[in-house]
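Since the structure comes first, as structure tokens, the remarks are kept for the end.
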Amino acid sequence: MSWLTWLIKPEPLPPANLSEQLKHWSSLLEPSSESPRLDAEILLKHVSGLSDTQLIVFDKEPLEKGIIKRVDDLVAARSHGSPIAYLTGWREFYSLNLKINQHVLIPRPETELLVDTALSLIQSMTSPRILDMGTGSGAIALAIASNAIHAELLATDVNEKALELAAENARLHHIESIKFLNSSWYSGLAEERFDLIVSNPPYIDPEDPHLSQGDVRFEPKQALIAADRGRADIIEITGHATDHLKPGGWIALEHGYDQGEFTRALLKSRGFSGLKTLKDLNRHERVTMGCYPQR
Ligand SMILES: C[S@@+](CC[C@H](N)C(=O)[O-])C[C@H]1O[C@@H](n2cnc3c(N)ncnc32)[C@H](O)[C@@H]1O
């Protein structure tokens with residue numbers, strides 16, 4: 001190497017600082033994400049362990065190469081559509097931080113309405129027995145259990161991998177009042193009866209075009225779709241509910257925005273009273289409840 005080449009050899013660039021890196025990752029996510037900056041911040045916090053405050057305080061500091069590489073990889077996966085919850089492995093639901101993986105539905109904010117409904121229905125019961133069918137990550141059962149220490153729960157799913165994750169979430173949150181059972185709807189329950197049945201079953205029409213858009217493309221189809229235009233599982237659950245409810249017990253189901261009238265009609269035909277449908281924050285009919293009358 002001549003002395004001239006040595007003189008003009010460019011200095012390696014100093015590592016980009018945190019703020020510049022975040023800008024870069026946000027710009028990469030812009031074409032595919034509705035919240036590119038937020039996504040980039042979540043992924044960086046996940047990899048680095050930095051808090052929101054530290055992102056601000058250290059914004060002019062360089063980031064370690066290893067951290068940059070790992071966030072680069074996650075940003076690439078996110079730009080191909082992978083949901084943030086599957087990339088970080090976590091999602092908050094009803095103030096509980098839940099472990100999430102590709103075997104379960106990512107818990108939705110609207111499902112918190114079903115938890116609110118369940119908690120208000122059992123408020124005056126002394127030691128309610130509750131059945132959560134299709135528990136997935138365990139979101140509903142865990143949220144109820146952590147807010148109702150007097151309740152005893154059974155959480156079921158037909159997917160063994162989902163049940164393993166739900167049980168792990170229960171351990172993480174030191175919740176011991178939930179039992180887990182692999183069962184296709186009521187098939188594994190024998191004669192058991194409950195004070196309350198809750199479920200957020202699959203209710204999407206297999207032909208729904210939304211299934212090929214956004215995060216749902218990556219979620220298990222078994223958690224999303226139901227035959228008969230999304231109605232088959234609601235029909236199954238309402239159809240046998242009276243065999244598993246105590247007289248005076250309640251059922252509360254989450255359903256599609258256009259399935260409220262249908263769900264009320266099904267429950268009415270099965271003899272339920274006190275029928276009511278609640279709307280979510282977007283003013284969509286979302287949760288229908290009914291009482292199995294005392295004879
Ligand atoms: C819409 S996800 C709800 C998951 C979770 N409860 C929540 O709200 O986030 C529906 C769940 O029902 C389960 N499932 C589907 N078919 C089932 C069946 N035949 N019996 C029991 N569970 C079923 C799926 O595995 C999935 O976990």
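In the structure tokens, the first chain shown is A, the next is B, and so on; residue numbers restart at 1 for each chain, and ligands run from 1 in the order shown.
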Which neighbours of Asp52 (chain A) fall inside 10 Å, counting only C-alpha atoms, when residues of the same chain fewer than 5 positions from it are skipped, and could you give them as a list in words?
-> Glu41, Ile42, Lys45 and Val57 of chain A
Could you give me, as a Markdown table, a per-residue list for chain A showing, wherever an atom lies at most 7 Å from an atom of ligand 1, the closest pair of atoms and their distance in Å to one decimal, using only C-alpha atoms and all ligand atoms and sorting by chain then residue number from low to high?
| residue | atom | partner | partner_atom_place_in_ligand_line | distance |
| --- | --- | --- | --- | --- |
| A:Val104 | CA | ligand 1 | 27 (O) | 5.6 |
| A:Leu105 | CA | ligand 1 | 4 (C) | 5.4 |
| A:Ile106 | CA | ligand 1 | 9 (O) | 5.9 |
| A:Pro107 | CA | ligand 1 | 9 (O) | 3.9 |
| A:Arg108 | CA | ligand 1 | 9 (O) | 6.4 |
| A:Thr111 | CA | ligand 1 | 8 (O) | 6.0 |
| A:Met133 | CA | ligand 1 | 21 (C) | 6.0 |
| A:Gly134 | CA | ligand 1 | 12 (O) | 3.4 |
| A:Thr135 | CA | ligand 1 | 6 (N) | 3.8 |
| A:Gly136 | CA | ligand 1 | 27 (O) | 3.4 |
| A:Ser137 | CA | ligand 1 | 5 (C) | 5.9 |
| A:Gly138 | CA | ligand 1 | 6 (N) | 6.2 |
| A:Ala139 | CA | ligand 1 | 9 (O) | 5.5 |
| A:Ile140 | CA | ligand 1 | 6 (N) | 5.8 |
| A:Thr156 | CA | ligand 1 | 21 (C) | 6.2 |
| A:Asp157 | CA | ligand 1 | 22 (N) | 3.9 |
| A:Val158 | CA | ligand 1 | 21 (C) | 4.2 |
| A:Asn159 | CA | ligand 1 | 25 (O) | 4.9 |
| A:Ala162 | CA | ligand 1 | 27 (O) | 6.3 |
| A:Ser183 | CA | ligand 1 | 21 (C) | 5.7 |
| A:Ser184 | CA | ligand 1 | 20 (N) | 3.3 |
| A:Trp185 | CA | ligand 1 | 20 (N) | 4.0 |
| A:Ser199 | CA | ligand 1 | 6 (N) | 6.4 |
| A:Asn200 | CA | ligand 1 | 3 (C) | 4.9 |
| A:Pro201 | CA | ligand 1 | 10 (C) | 4.4 |
| A:Pro202 | CA | ligand 1 | 1 (C) | 4.4 |
| A:Gln222 | CA | ligand 1 | 15 (C) | 5.2 |
| A:Ala223 | CA | ligand 1 | 26 (C) | 3.8 |
| A:Leu224 | CA | ligand 1 | 1 (C) | 5.4 |
Can you tell me how far CA of Tyr186 (chain A) sits from CA of Asp132 (chain A), in Å to one decimal?
->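 Here the two named atoms are 10.9 Å from each other.
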DSSP-assigned alpha helix (DSSP H) among region 108-215 of chain A, expressed as a ChimeraX atom specification = /A:112-122,139-147,160-172
Identify which of the residues A:His173, A:His46, A:Lys161, A:Lys179 lies closest to Ala143 (chain A), counting only C-alpha atoms when measuring atom-to-atom distances.
-> A:His173
Pick out the residues sitting within 12 Å of Thr263 (chain A), and hand them over as number ranges by chain; count only C-alpha atoms, and ignore anything fewer than 2 positions along from it in its own chain.
-> A: 203, 230-239, 251-261, 265-270, 272, 275-277, 285-290
Mind writing the picked residues with C-alpha atoms as a PDB file, in the first residue's frame?
ATOM      1  CA  TYR A 203     -65.984 -16.967  13.975  1.00  0.00           C
ATOM      2  CA  GLY A 230     -68.081 -18.454  10.507  1.00  0.00           C
ATOM      3  CA  ARG A 231     -71.091 -19.709  12.480  1.00  0.00           C
ATOM      4  CA  ALA A 232     -70.385 -23.434  13.055  1.00  0.00           C
ATOM      5  CA  ASP A 233     -68.536 -23.119  16.395  1.00  0.00           C
ATOM      6  CA  ILE A 234     -71.039 -20.618  17.838  1.00  0.00           C
ATOM      7  CA  ILE A 235     -73.822 -23.080  16.895  1.00  0.00           C
ATOM      8  CA  GLU A 236     -71.928 -25.954  18.552  1.00  0.00           C
ATOM      9  CA  ILE A 237     -71.174 -24.001  21.752  1.00  0.00           C
ATOM     10  CA  THR A 238     -74.690 -22.580  22.217  1.00  0.00           C
ATOM     11  CA  GLY A 239     -76.264 -25.908  21.203  1.00  0.00           C
ATOM     12  CA  ILE A 251     -72.995 -17.920  28.963  1.00  0.00           C
ATOM     13  CA  ALA A 252     -71.059 -15.031  27.399  1.00  0.00           C
ATOM     14  CA  LEU A 253     -69.632 -15.303  23.896  1.00  0.00           C
ATOM     15  CA  GLU A 254     -67.517 -13.062  21.723  1.00  0.00           C
ATOM     16  CA  HIS A 255     -68.596 -13.020  18.061  1.00  0.00           C
ATOM     17  CA  GLY A 256     -68.223 -11.145  14.784  1.00  0.00           C
ATOM     18  CA  TYR A 257     -69.605  -7.596  14.451  1.00  0.00           C
ATOM     19  CA  ASP A 258     -72.511  -8.948  12.352  1.00  0.00           C
ATOM     20  CA  GLN A 259     -73.286 -12.089  14.413  1.00  0.00           C
ATOM     21  CA  GLY A 260     -75.057 -10.513  17.409  1.00  0.00           C
ATOM     22  CA  GLU A 261     -78.628 -11.047  16.206  1.00  0.00           C
ATOM     23  CA  ALA A 265     -81.608 -16.007  18.272  1.00  0.00           C
ATOM     24  CA  LEU A 266     -79.659 -19.234  18.910  1.00  0.00           C
ATOM     25  CA  LEU A 267     -79.605 -18.663  22.679  1.00  0.00           C
ATOM     26  CA  LYS A 268     -83.316 -17.779  22.694  1.00  0.00           C
ATOM     27  CA  SER A 269     -84.156 -21.002  20.837  1.00  0.00           C
ATOM     28  CA  ARG A 270     -82.266 -22.923  23.560  1.00  0.00           C
ATOM     29  CA  PHE A 272     -81.899 -18.690  27.532  1.00  0.00           C
ATOM     30  CA  LEU A 275     -80.263 -11.885  26.466  1.00  0.00           C
ATOM     31  CA  LYS A 276     -78.047  -8.888  25.908  1.00  0.00           C
ATOM     32  CA  THR A 277     -75.398  -7.902  23.359  1.00  0.00           C
ATOM     33  CA  GLU A 285     -71.839  -5.743  18.555  1.00  0.00           C
ATOM     34  CA  ARG A 286     -69.186  -7.998  20.106  1.00  0.00           C
ATOM     35  CA  VAL A 287     -70.301  -9.960  23.196  1.00  0.00           C
ATOM     36  CA  THR A 288     -73.655 -11.677  23.715  1.00  0.00           C
ATOM     37  CA  MET A 289     -74.768 -13.116  27.054  1.00  0.00           C
ATOM     38  CA  GLY A 290     -77.709 -15.122  28.270  1.00  0.00           C
TER      39      GLY A 290
END
Please identify all polymer residues within 9 Å of Gly271 (chain A), counting only C-alpha atoms, omitting same-chain residues fewer than 5 positions from it, and present them as a PyMOL selection string.
-> chain A and resi 242+291-293
Would you mind reading off the distance between CA of Leu163 (chain A) and CA of Pro83 (chain A), one decimal, in Å?
->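 Spanning CA of Leu163 (chain A) to CA of Pro83 (chain A) is a straight-line distance of 21.0 Å.
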Computed interatomic separation between CA of Ser79 (chain A) and CA of Pro36 (chain A) (Å) =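 One can read the CA of Ser79 (chain A) to CA of Pro36 (chain A) distance as 9.4 Å.
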Per DSSP on the backbone, what are the strand (DSSP E or B) residues of region 68-266 of chain A, as a ChimeraX atom specification?
-> /A:90-93,96-99,129-133,152-157,178-182,194-199,204,225,245-254
Between A:Arg171, A:Arg229, A:Arg129, A:His210, which is the closest to Asp195 (chain A) once you count only C-alpha atoms?
->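 Answer, going by the shortest atom-to-atom distance: A:Arg129.
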Select, from A:Ile130, A:Asn282, A:Glu112, A:Gln123, the residue with the minimum atom-to-atom distance to Glu192 (chain A), counting only C-alpha atoms.
->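 Counting only C-alpha atoms, the residue closest to Glu192 (chain A) is A:Ile130.
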